[in-house]
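**Student:** There's a structure below that I have some questions on.
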Amino acid sequence: MATPFSRRVLGLATGLALTLAAPAGAVTYGSNLRATPNAGFGCESALVRGQGFNGPMLTPSGQRTCTYRSLGFLGRPGGQSLAPSNGRITRIRVRALRVRGRNPAPLRLTILTSSGSCCTGRYLGPVFRPRADGRVTSVPVNVRVYRTVSDQRTQSNDVLGLSAVGPGTLPLRIGPNPGSFAFGNPVVTFWYPLTPPGQPRTEGYTMDGIELLFQWDFRPA
């Protein structure tokens with residue numbers, strides 16, 4: 001798969017902050033990390049909708065890297081990946097698991113900027129490898145994010161995601177009915193290969209029934 005998958009536009013509810021413990025002055029966003037990761041694949045494959053009446057299909061990508069972001073949940077709040085205002089990301093958390101004998105892939109915090117069409121890569125954090133035992137990996141960070149508003153309209157908004165940069169499984173929970181557009185399904189968008197700083201990527205593949213097990217603490221400026 002040499003080019004990004006085509007984008008599917010979905011009606012999604014605006015994500016809201018999770019009321020989880022965070023450092024003083026910070027708010028926690030993203031997954032609640034309660035789901036158990038179960039994806040036995042990495043960036044070498046992608047789960048996409050089949051043609052016609054075929055169900056979801058695990059399709060070879062021909063890539064070693066990829067970027068995932070959460071779009072929240074169909075019809076209900078939670079799981080947003082948009083920076084709510086100018087501020088800093090102070091900590092990220094990922095839940096991963098050794099699946100089918102494979103360890104989790106090494107990851108990098110990824111910041112993209114959306115300005116009408118998503119997205120252009122802006123920042124790639126240092127590589128870290130999540131724990132393989134299903135417990136949460138917590139990584140302190142200090143990354144500036146931006147949300148620029150002009151005339152009461154958002155002109156640009158930073159988006160948080162994760163990039164996998166080597167062999168290993170992705171921190172994903174595949175639900176029982178992916179691709180069904182069922183109420184409450186989590187939704188992700190992904191790009192293959194990863195989105196590097198300075199590269200515009202106006203197309204991604206959007207798939208429901210997949211939860212990105214990624215959480216982040218945000219402190220307003």
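Residues in the structure tokens are numbered from 1 in each chain, the chains being A, B, ... in the order shown, and ligands are numbered from 1 in the order shown.
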Pick out the residues sitting within 7 Å of Val48 of chain A, and hand them over as JSON, numbers by chain; count only C-alpha atoms, and ignore anything fewer than 2 positions along from it in its own chain.

**Tutor:** {"A": [46, 50, 56, 57, 58, 59, 207]}

**Student:** Convert the current residue selection to file output with C-alpha atoms, as a PDB file, in the first residue's frame.

**Tutor:**
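Result written to again-v3.pdb:
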ATOM      1  CA  ALA A  46      -4.562  -2.524   8.332  1.00  0.00           C
ATOM      2  CA  GLY A  50     -14.417  -5.327   2.647  1.00  0.00           C
ATOM      3  CA  PRO A  56     -13.752  -6.182   7.633  1.00  0.00           C
ATOM      4  CA  MET A  57     -10.533  -7.445   6.112  1.00  0.00           C
ATOM      5  CA  LEU A  58      -6.976  -7.389   7.440  1.00  0.00           C
ATOM      6  CA  THR A  59      -5.081  -6.075   4.426  1.00  0.00           C
ATOM      7  CA  MET A 207     -12.665   2.930  10.488  1.00  0.00           C
TER       8      MET A 207
END

**Student:** Tell me, as a PyMOL selection string, which residues lie within 9 Å of segment 120-137 of chain A, counting only C-alpha atoms; anything in the same chain fewer than 4 positions away does not count.

**Tutor:** chain A and resi 33+36-37+92-99+102-115+141+143+158+162-165+171+195-202

**Student:** Rank A:Gly168, A:Gly40, A:Gly175, A:Gly30 by their smallest atom-to-atom distance to Gly72 of chain A, using only C-alpha atoms, and report the top residue only.

**Tutor:**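 Selected residue with least distance to Gly72 of chain A: A:Gly30.
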
**Student:** Would you work out the distance separating atom CA of Leu170 of chain A from atom CA of Gly42 of chain A, expressed in Å to one decimal?

**Tutor:**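 Going from atom CA of Leu170 of chain A over to atom CA of Gly42 of chain A, I get 5.3 Å.
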
**Student:** Between atom CA of Tyr29 of chain A and atom CA of Ser180 of chain A, what is the distance, to one decimal in Å?

**Tutor:**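 Those two atoms sit 25.3 Å apart.
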
**Student:** Just list the residues in chain A DSSP gives strand (DSSP E) on the backbone, as a PyMOL selection string.

**Tutor:** chain A and resi 27-30+45-48+57-60+66-73+87-97+107-114+120-124+133-145+147-150+153-164+172-174+186-191+205-208+210-212+214-220

**Student:** Counting only C-alpha atoms, which residue out of A:Gly79, A:Thr169, A:Pro220, A:Cys118 sits closest to Gln155 of chain A?

**Tutor:**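 Comparing A:Gly79, A:Thr169, A:Pro220, A:Cys118 against Gln155 of chain A, the winner is A:Cys118.
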
**Student:** In Å, rounded to a single decimal, give me how far atom CA of Glu203 of chain A is from atom CA of Arg91 of chain A.

**Tutor:** 28.2 Å

**Student:** Using only C-alpha atoms, which residues sit within 12 Å of Gly184 of chain A once same-chain residues fewer than 5 positions away are excluded, as a count of residues only?

**Tutor:** 18

**Student:** Near Ser85 of chain A, counting only C-alpha atoms, which residues have an atom at most 8 Å away, once you skip same-chain residues fewer than 4 positions from it, shown as a PDB file with C-alpha atoms, in the first residue's frame?

**Tutor:**
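The result, written out as part17.pdb:
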ATOM      1  CA  VAL A 145       0.056  22.384  21.324  1.00  0.00           C
ATOM      2  CA  TYR A 146      -1.999  25.103  19.673  1.00  0.00           C
ATOM      3  CA  ARG A 147      -5.554  25.987  18.782  1.00  0.00           C
ATOM      4  CA  THR A 148      -5.853  29.187  16.750  1.00  0.00           C
ATOM      5  CA  PRO A 220      -3.901  25.060  29.393  1.00  0.00           C
ATOM      6  CA  ALA A 221      -1.434  27.855  28.644  1.00  0.00           C
TER       7      ALA A 221
END

**Student:** Within 10 Å of Ala26 of chain A, counting only C-alpha atoms, which residues show up once you throw out same-chain ones fewer than 4 positions away? Write them as a PyMOL selection string, please.

**Tutor:** chain A and resi 21-22+87-91+216-220

**Student:** Go ahead and save the picked residues with C-alpha atoms, as a short mmCIF file (atom, residue, chain, number, x, y, z; two decimals), in the first residue's frame.

**Tutor:**
data_model
loop_
_atom_site.label_atom_id
_atom_site.label_comp_id
_atom_site.auth_asym_id
_atom_site.auth_seq_id
_atom_site.Cartn_x
_atom_site.Cartn_y
_atom_site.Cartn_z
CA ALA A 21 -6.81 11.70 37.90
CA ALA A 22 -4.26 14.10 36.41
CA GLY A 87 -1.31 24.62 26.19
CA ARG A 88 1.04 21.74 26.87
CA ILE A 89 0.81 17.98 26.86
CA THR A 90 2.39 16.90 30.14
CA ARG A 91 1.94 13.13 30.13
CA TRP A 216 -3.02 12.32 27.40
CA ASP A 217 -2.89 15.05 30.05
CA PHE A 218 -3.34 18.63 28.88
CA ARG A 219 -2.48 21.79 30.80
CA PRO A 220 -3.90 25.06 29.39
#

**Student:** Taking only C-alpha atoms into account, which of A:Gly161, A:Ala39, A:Arg153, A:Ser81 comes nearest Gly101 of chain A?

**Tutor:**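 Of all the options, A:Ala39 lies closest to Gly101 of chain A.
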